[in-house]
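Have a look at work-v2.txt; it's compact mmCIF, C-alpha atoms and all ligand atoms:
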```
# COMPACT_ATOMS: atom_id res chain seq x y z
CA MET N 1 37.54 54.12 223.38
CA SER N 2 35.58 57.28 222.82
CA ALA N 3 32.99 58.12 225.44
CA ARG N 4 29.41 59.06 224.80
CA ILE N 5 28.95 62.74 225.56
CA LEU N 6 25.90 63.16 227.77
CA ASP N 7 24.21 66.23 226.34
CA GLY N 8 22.65 67.98 229.34
CA LYS N 9 21.08 70.64 227.15
CA ALA N 10 19.17 68.08 225.09
CA ILE N 11 18.14 66.03 228.13
CA ALA N 12 16.98 69.17 229.94
CA LYS N 13 14.82 69.95 226.90
CA GLN N 14 13.33 66.48 227.18
CA VAL N 15 12.60 67.09 230.90
CA GLU N 16 10.95 70.39 230.00
CA SER N 17 8.68 68.69 227.48
CA GLU N 18 7.72 66.09 230.12
CA LEU N 19 6.93 68.96 232.49
CA ALA N 20 4.82 70.80 229.91
CA GLN N 21 2.09 68.15 230.22
CA ARG N 22 2.02 68.43 234.00
CA ILE N 23 1.94 72.22 233.78
CA GLY N 24 -1.00 71.88 231.36
CA ALA N 25 -2.88 69.77 233.92
CA LEU N 26 -2.23 72.41 236.58
CA SER N 27 -3.35 75.15 234.23
CA ALA N 28 -6.65 73.30 233.66
CA ARG N 29 -7.24 73.72 237.38
CA GLY N 30 -6.38 77.40 237.24
CA VAL N 31 -2.95 76.91 238.83
CA THR N 32 0.22 78.55 237.53
CA PRO N 33 3.28 77.26 239.40
CA GLY N 34 5.22 80.19 240.84
CA LEU N 35 8.95 80.43 241.58
CA ALA N 36 10.51 83.21 243.65
CA VAL N 37 14.26 83.76 243.75
CA VAL N 38 15.89 85.91 246.41
CA LEU N 39 19.07 87.44 244.98
CA ALA N 40 21.10 89.54 247.40
CA GLY N 41 24.27 91.36 246.38
CA ASP N 42 26.04 91.70 243.08
CA ASP N 43 27.92 88.43 242.54
CA PRO N 44 28.14 88.27 238.72
CA ALA N 45 27.94 84.44 238.54
CA SER N 46 24.82 84.44 240.75
CA ALA N 47 23.19 87.05 238.51
CA ILE N 48 23.76 84.78 235.48
CA TYR N 49 22.48 81.65 237.28
CA VAL N 50 19.36 83.50 238.41
CA LYS N 51 18.73 84.81 234.90
CA HIS N 52 18.88 81.22 233.58
CA LYS N 53 16.41 80.05 236.24
CA GLU N 54 14.03 82.91 235.51
CA ARG N 55 14.23 82.30 231.75
CA ALA N 56 13.52 78.58 232.13
CA ALA N 57 10.50 79.31 234.34
CA LEU N 58 9.09 81.80 231.86
CA ARG N 59 9.76 79.43 228.92
CA LEU N 60 7.61 76.84 230.68
CA GLY N 61 4.84 79.35 231.38
CA LEU N 62 5.52 79.51 235.10
CA HIS N 63 5.17 82.61 237.22
CA ALA N 64 8.66 83.89 238.08
CA ARG N 65 9.60 86.60 240.53
CA THR N 66 13.09 87.74 241.51
CA VAL N 67 13.49 89.72 244.72
CA THR N 68 16.69 91.73 244.30
CA LEU N 69 18.39 93.07 247.43
CA PRO N 70 21.54 95.19 247.83
CA ALA N 71 24.88 93.75 248.98
CA GLN N 72 24.61 95.67 252.29
CA VAL N 73 21.25 94.13 253.13
CA GLU N 74 20.55 93.22 256.76
CA PRO N 75 19.72 89.56 257.46
CA SER N 76 16.45 90.75 259.03
CA THR N 77 15.40 92.28 255.69
CA VAL N 78 16.14 89.01 253.86
CA ALA N 79 14.16 87.20 256.56
CA ALA N 80 11.19 89.54 256.07
CA GLU N 81 11.24 88.89 252.31
CA ILE N 82 11.29 85.13 252.91
CA ASP N 83 8.38 85.44 255.34
CA ALA N 84 6.36 87.37 252.75
CA LEU N 85 7.07 84.73 250.07
CA ASN N 86 6.18 81.91 252.50
CA ALA N 87 2.77 83.58 252.97
CA ASP N 88 2.20 84.32 249.26
CA ASP N 89 -0.20 81.84 247.61
CA ALA N 90 1.06 82.71 244.10
CA ILE N 91 4.49 81.34 245.05
CA HIS N 92 4.98 77.57 245.21
CA GLY N 93 8.77 77.50 245.31
CA ILE N 94 11.33 79.77 246.95
CA LEU N 95 15.07 79.75 246.59
CA VAL N 96 17.68 81.94 248.20
CA GLN N 97 20.57 82.23 245.77
CA LEU N 98 23.94 81.44 247.34
CA PRO N 99 26.39 82.82 248.19
CA LEU N 100 24.71 85.55 250.21
CA PRO N 101 26.76 88.80 250.50
CA ALA N 102 29.92 88.69 252.65
CA GLY N 103 28.21 90.64 255.46
CA ILE N 104 25.87 87.70 256.09
CA GLY N 105 27.84 85.01 257.91
CA PRO N 106 27.47 81.22 257.83
CA GLU N 107 25.22 81.08 260.91
CA GLU N 108 22.92 83.78 259.54
CA THR N 109 22.87 82.06 256.15
CA ARG N 110 21.87 78.80 257.81
CA ALA N 111 19.09 80.55 259.73
CA LEU N 112 17.78 82.18 256.54
CA LEU N 113 17.74 78.86 254.64
CA GLN N 114 15.82 77.33 257.53
CA ARG N 115 13.29 80.15 257.37
CA VAL N 116 12.04 78.96 253.96
CA ASP N 117 8.82 76.94 254.34
CA PRO N 118 9.96 73.30 253.80
CA ASP N 119 6.94 72.84 251.49
CA LYS N 120 8.29 75.64 249.25
CA ASP N 121 11.96 74.66 249.57
CA VAL N 122 12.59 73.87 245.88
CA ASP N 123 16.38 73.92 246.44
CA GLY N 124 16.06 71.07 248.95
CA PHE N 125 18.46 72.86 251.33
CA HIS N 126 16.17 72.92 254.39
CA PRO N 127 17.18 70.40 257.11
CA VAL N 128 13.64 68.98 256.97
CA ASN N 129 14.09 68.01 253.33
CA LEU N 130 17.67 66.84 253.88
CA GLY N 131 16.34 64.70 256.73
CA ARG N 132 13.63 63.26 254.50
CA LEU N 133 16.29 62.29 251.98
CA VAL N 134 18.32 60.55 254.68
CA ALA N 135 15.19 58.76 255.91
CA GLY N 136 14.15 57.75 252.36
CA GLU N 137 10.94 59.76 252.70
CA PRO N 138 9.39 61.95 249.98
CA GLY N 139 10.70 65.51 249.92
CA PHE N 140 12.46 68.10 247.81
CA VAL N 141 15.84 66.94 246.52
CA ALA N 142 18.59 69.45 245.69
CA CYS N 143 18.48 70.24 241.98
CA THR N 144 22.06 69.44 240.96
CA PRO N 145 22.13 65.91 242.44
CA SER N 146 18.71 65.10 240.99
CA GLY N 147 19.89 66.38 237.60
CA CYS N 148 23.00 64.19 237.90
CA MET N 149 20.81 61.13 238.60
CA ARG N 150 18.90 61.78 235.40
CA LEU N 151 22.17 62.09 233.46
CA ILE N 152 23.34 58.75 234.90
CA ALA N 153 20.00 57.18 233.91
CA GLU N 154 20.44 58.54 230.39
CA SER N 155 23.90 56.95 230.20
CA GLY N 156 22.13 53.58 230.30
CA VAL N 157 24.08 52.47 233.37
CA ASP N 158 21.89 51.29 236.24
CA PRO N 159 23.55 52.28 239.54
CA ALA N 160 22.19 49.14 241.25
CA GLY N 161 25.07 46.92 242.28
CA ARG N 162 27.66 49.35 240.88
CA HIS N 163 30.37 51.18 242.74
CA ALA N 164 29.88 54.95 242.72
CA VAL N 165 32.50 57.43 243.91
CA VAL N 166 31.42 60.95 244.79
CA ILE N 167 34.26 63.45 245.08
CA GLY N 168 33.12 66.26 247.38
CA ARG N 169 31.02 66.25 250.54
CA SER N 170 29.04 69.50 250.36
CA VAL N 171 25.50 69.66 251.72
CA ILE N 172 24.35 71.00 248.35
CA VAL N 173 25.89 68.37 246.07
CA GLY N 174 28.16 65.67 247.52
CA LYS N 175 26.05 64.41 250.43
CA PRO N 176 22.65 64.39 248.68
CA MET N 177 24.30 62.86 245.60
CA ALA N 178 25.68 60.01 247.68
CA LEU N 179 22.26 59.43 249.28
CA LEU N 180 20.51 59.33 245.89
CA LEU N 181 23.03 56.84 244.55
CA LEU N 182 22.60 54.76 247.69
CA ALA N 183 18.80 54.87 247.24
CA ALA N 184 19.42 53.57 243.72
CA ASP N 185 21.29 50.59 245.23
CA ALA N 186 24.83 51.65 244.34
CA THR N 187 27.71 51.02 246.72
CA VAL N 188 28.88 54.54 247.46
CA THR N 189 32.22 56.01 248.50
CA ILE N 190 32.41 59.70 249.39
CA CYS N 191 35.87 61.21 248.88
CA HIS N 192 37.07 64.61 250.06
CA SER N 193 40.17 66.72 250.66
CA ARG N 194 41.47 64.35 253.38
CA THR N 195 41.01 61.15 251.37
CA PRO N 196 44.36 59.40 250.85
CA ASP N 197 45.12 58.22 247.31
CA LEU N 198 42.08 59.71 245.60
CA PRO N 199 43.11 58.34 242.17
CA ALA N 200 42.99 54.77 243.56
CA GLN N 201 39.49 55.35 244.94
CA VAL N 202 38.26 56.77 241.64
CA ARG N 203 39.82 53.88 239.69
CA ALA N 204 37.45 51.52 241.49
CA ALA N 205 34.36 53.44 240.33
CA ASP N 206 31.78 52.48 237.72
CA ILE N 207 30.19 55.89 238.28
CA VAL N 208 32.20 59.00 239.21
CA VAL N 209 30.62 62.28 240.28
CA ALA N 210 33.14 65.10 240.60
CA ALA N 211 32.03 68.08 242.70
CA VAL N 212 35.19 69.66 244.07
CA GLY N 213 35.65 72.96 242.27
CA ARG N 214 39.20 72.34 240.99
CA ALA N 215 39.83 72.84 237.31
CA ARG N 216 40.43 69.55 235.40
CA MET N 217 41.55 67.73 238.56
CA VAL N 218 40.18 64.32 237.57
CA GLN N 219 42.65 62.72 235.17
CA ALA N 220 42.17 60.05 232.51
CA SER N 221 44.57 57.73 234.39
CA TRP N 222 42.09 57.72 237.33
CA ILE N 223 39.19 56.38 235.28
CA LYS N 224 38.12 52.75 234.98
CA PRO N 225 37.53 51.95 231.30
CA GLY N 226 33.83 52.36 230.48
CA ALA N 227 32.93 54.32 233.64
CA VAL N 228 30.26 57.03 233.66
CA VAL N 229 31.79 60.38 234.63
CA ILE N 230 29.57 63.25 235.79
CA ASP N 231 31.30 66.62 236.07
CA VAL N 232 29.61 69.08 238.44
CA GLY N 233 32.52 71.53 238.38
CA MET N 234 32.24 75.03 236.97
CA ASN N 235 35.69 76.61 237.06
CA ARG N 236 37.88 78.99 235.13
CA ASP N 237 41.27 77.66 234.04
CA ALA N 238 44.50 79.72 234.04
CA ASP N 239 43.46 81.18 230.65
CA GLY N 240 40.06 82.20 232.00
CA ARG N 241 38.22 79.48 230.08
CA LEU N 242 35.22 77.75 231.59
CA CYS N 243 35.99 74.16 232.55
CA GLY N 244 34.84 71.45 234.92
CA ASP N 245 36.57 69.29 237.55
CA VAL N 246 37.35 66.66 234.93
CA ASP N 247 39.98 66.69 232.20
CA THR N 248 37.16 65.95 229.76
CA ARG N 249 39.06 65.50 226.53
CA ALA N 250 41.49 62.93 227.97
CA VAL N 251 38.87 61.23 230.15
CA ALA N 252 36.60 60.78 227.12
CA GLU N 253 39.24 58.41 225.69
CA VAL N 254 38.74 56.02 228.62
CA ALA N 255 35.24 56.58 230.02
CA GLY N 256 32.03 55.08 228.66
CA ALA N 257 30.12 58.34 229.08
CA VAL N 258 31.04 61.82 230.24
CA THR N 259 29.25 65.14 230.73
CA PRO N 260 30.66 68.26 229.07
CA VAL N 261 31.19 71.64 230.77
CA PRO N 262 29.34 73.75 229.86
CA GLY N 263 26.22 71.94 228.64
CA GLY N 264 26.21 68.96 231.00
CA VAL N 265 25.12 69.25 234.61
CA GLY N 266 24.31 73.00 234.43
CA PRO N 267 21.14 72.73 232.31
CA MET N 268 20.08 69.68 234.33
CA THR N 269 20.26 71.69 237.57
CA ILE N 270 17.78 74.16 236.08
CA ALA N 271 15.57 71.29 234.87
CA GLY N 272 15.66 69.80 238.38
CA LEU N 273 14.54 73.13 239.79
CA MET N 274 11.64 73.38 237.34
CA GLN N 275 10.63 69.83 238.27
CA ASN N 276 10.61 70.79 241.95
CA VAL N 277 8.48 73.90 241.34
CA VAL N 278 5.93 71.89 239.36
CA TRP N 279 5.86 69.20 242.04
CA ALA N 280 5.34 71.86 244.73
CA ALA N 281 2.34 73.21 242.82
CA GLU N 282 0.94 69.70 242.22
CA ARG N 283 1.18 68.92 245.90
CA ARG N 284 -0.63 72.07 246.91
CA ALA N 285 -3.31 71.41 244.24
CA GLY N 286 -3.77 67.88 245.58
CA ILE N 287 -2.81 66.34 242.21
CA VAL N 288 -0.13 64.16 243.74
CA PRO N 289 -0.10 62.74 247.21
CA ASN N 290 2.53 63.98 249.59
CA ALA N 291 5.06 61.99 247.62
CA ALA N 292 8.13 63.02 245.69
CA THR N 293 10.10 61.66 242.85
CA VAL N 294 13.41 61.00 244.57
CA GLU N 295 14.51 60.26 241.03
N1 LIG N 301 24.54 78.84 244.12
C1 LIG N 301 25.17 77.95 243.33
N2 LIG N 301 24.37 76.90 243.06
C2 LIG N 301 23.21 77.14 243.70
C3 LIG N 301 21.98 76.41 243.80
O1 LIG N 301 21.79 75.32 243.25
N3 LIG N 301 21.02 77.00 244.56
C4 LIG N 301 21.21 78.18 245.18
N4 LIG N 301 20.21 78.68 245.90
N5 LIG N 301 22.33 78.87 245.11
C5 LIG N 301 23.31 78.35 244.36
```

Using structure tokens, write down the structure that the file contains.
Ligand code: GUN
Amino acid sequence: MSARILDGKAIAKQVESELAQRIGALSARGVTPGLAVVLAGDDPASAIYVKHKERAALRLGLHARTVTLPAQVEPSTVAAEIDALNADDAIHGILVQLPLPAGIGPEETRALLQRVDPDKDVDGFHPVNLGRLVAGEPGFVACTPSGCMRLIAESGVDPAGRHAVVIGRSVIVGKPMALLLLAADATVTICHSRTPDLPAQVRAADIVVAAVGRARMVQASWIKPGAVVIDVGMNRDADGRLCGDVDTRAVAEVAGAVTPVPGGVGPMTIAGLMQNVVWAAERRAGIVPNAATVE
């Protein structure tokens, strides 16, 4: 069997064209959705991610601002920048690019993420929005999991009644992913570093989402024939080549559909972010009720 390759680039383009109409409606009311990114330090991968986010925003005619701060920045300075963006009416969405510099510890990072106004939290990292997701209430959903849900929808497989296995339990991907799949009526298993016999768990899955950060860890022998395999990983292999968490070439011989790396989940994360910024602006403009598209 040869799997369908789920082209995240093409689907993200489709999402952008859907958004263009909504942006047009906002523009008719004199509203330009605004995204602000706080980028602290000089992590090269973060700089690239932020550039992609900025470019997508500008391509869609959004207002985009990047607040660049040095690696030695004090948490209080980052906090002051967040406060200013919270108060700025031209900004509908704020994201603090992670990781923050090494001098800012996990507790301080948590406090800074919680400082973002939950109504501008387009990353969906604020506990208020995570809580809304748990409660099944409208709120911002983290961009990567919402992008993955769209990829699964495009595979033609309805999660309802299916068994989904999420590998990874991060607050940014694994946990929200599991909750979205659950909301879509899948039976969900979350696997992690202490899960015994991971291959056996994955073999039971109709839908696999791999978000572990280990190059080509998920093998073809783990995959149920016809399964949908979503690869969130973004790693470098021993030769320095970009690759995901899935051994894509081999898995594609067994799976029904698989996402490539690059060009799978990555563009969909950006599309999910754009969707969140537009929704934030619609909410403030009173175009939509206080309701979100939790996919
Ligand atoms: N670093 C890696 N991925 C992300 C993301 O989705 N959002 C933020 N803010 N930082 C990241």

Q.
At a cut-off of 12 Å and counting only C-alpha atoms and all ligand atoms, what residues surround ligand LIG 301 (chain N)? Please answer as a PyMOL selection string.
A. chain N and resi 36-40+43-50+52-53+93-100+109+112-113+116+121-126+141-147+170-173+211+213+232-234+265-274

Q. What is the CA of Ala250 in chain N to CA of Ala184 in chain N distance in Å?
A.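 One can read the CA of Ala250 in chain N to CA of Ala184 in chain N distance as 28.7 Å.
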
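At a cut-off of 9 Å from (12.5, 69.2, 255.7), the residue set is Gln114, Asp117, Pro118, Asp119, Asp121, Gly124, Phe125, His126, Pro127, Val128, Asn129, Leu130, Gly131, Arg132, Leu133, Gly139 and Phe140 of chain N (counting only C-alpha atoms).
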
Q: Quote the spacing between CA of Gly244 in chain N and CA of Ala210 in chain N in Å to one decimal place.
A: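 CA of Gly244 in chain N sits 8.7 Å away from CA of Ala210 in chain N.
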
Q.
Between N:Arg203, N:Arg55, N:Arg162, N:Arg110, which residue has the minimum interatomic distance to Ala186 in chain N, considering only C-alpha atoms?
A. N:Arg162

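Here CA of Val78 in chain N stands at a distance of 18.2 Å from CA of His92 in chain N.
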
Q.
When you look at Asp237 in chain N with a cut-off of 10 Å (counting only C-alpha atoms), what residues show up, excluding the ones that are within fewer than 5 positions of it in the same chain? I need them as an NGL selection string.
A. :N and (214-216 or 242-244)

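With all atoms listed in the file taken into account, the protein and nucleic acid residues at most 10 Å from Leu151 in chain N (excluding it and anything under 6 positions from it in its own chain) are Leu6, Asp7, Gly8, Ile11, Ala12, Pro145, Val157, Val228, Val229, Ile230, Ala257, Val258, Thr259, Gly264, Val265 and Met268 of chain N.
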
Next, dump the selected residues to file, keeping only C-alpha atoms, as a PDB file, keeping the file's coordinate frame.
```
ATOM      1  CA  LEU N   6      25.900  63.160 227.770  1.00  0.00           C
ATOM      2  CA  ASP N   7      24.210  66.230 226.340  1.00  0.00           C
ATOM      3  CA  GLY N   8      22.650  67.980 229.340  1.00  0.00           C
ATOM      4  CA  ILE N  11      18.140  66.030 228.130  1.00  0.00           C
ATOM      5  CA  ALA N  12      16.980  69.170 229.940  1.00  0.00           C
ATOM      6  CA  PRO N 145      22.130  65.910 242.440  1.00  0.00           C
ATOM      7  CA  VAL N 157      24.080  52.470 233.370  1.00  0.00           C
ATOM      8  CA  VAL N 228      30.260  57.030 233.660  1.00  0.00           C
ATOM      9  CA  VAL N 229      31.790  60.380 234.630  1.00  0.00           C
ATOM     10  CA  ILE N 230      29.570  63.250 235.790  1.00  0.00           C
ATOM     11  CA  ALA N 257      30.120  58.340 229.080  1.00  0.00           C
ATOM     12  CA  VAL N 258      31.040  61.820 230.240  1.00  0.00           C
ATOM     13  CA  THR N 259      29.250  65.140 230.730  1.00  0.00           C
ATOM     14  CA  GLY N 264      26.210  68.960 231.000  1.00  0.00           C
ATOM     15  CA  VAL N 265      25.120  69.250 234.610  1.00  0.00           C
ATOM     16  CA  MET N 268      20.080  69.680 234.330  1.00  0.00           C
TER      17      MET N 268
END
```

**Q.** Option closest in space to Ala153 in chain N, from N:Arg115, N:Asp42, N:Ile207, N:Pro101 [counting only C-alpha atoms]
**A.**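 Comparing N:Arg115, N:Asp42, N:Ile207, N:Pro101 against Ala153 in chain N, the winner is N:Ile207.
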
Q: Name all residues at most 9 Å from Lys224 in chain N (count all atoms listed in the file; drop same-chain ones fewer than 5 positions away) and give them as a ChimeraX atom specification.
A: /N:202-206,254-255

Quick one: write out the picked residues with C-alpha atoms as a PDB file, in the coordinates of the input?
```
ATOM      1  CA  VAL N 202      38.260  56.770 241.640  1.00  0.00           C
ATOM      2  CA  ARG N 203      39.820  53.880 239.690  1.00  0.00           C
ATOM      3  CA  ALA N 204      37.450  51.520 241.490  1.00  0.00           C
ATOM      4  CA  ALA N 205      34.360  53.440 240.330  1.00  0.00           C
ATOM      5  CA  ASP N 206      31.780  52.480 237.720  1.00  0.00           C
ATOM      6  CA  VAL N 254      38.740  56.020 228.620  1.00  0.00           C
ATOM      7  CA  ALA N 255      35.240  56.580 230.020  1.00  0.00           C
TER       8      ALA N 255
END
```

Q) Using only C-alpha atoms, which of the listed residues (N:Gly41, N:Gly34, N:Gly105, N:Pro138) sits closest to His63 in chain N? A) N:Gly34

Could you work out an axis-aligned box for range 98-106 of chain N, taking every atom the file lists and adding 6 Å on each side, and report centre and edge lengths in Å to one decimal, as lines of an AutoDock Vina configuration file?
```
center_x = 26.9
center_y = 85.9
center_z = 252.6
size_x = 18.0
size_y = 21.4
size_z = 22.6
```
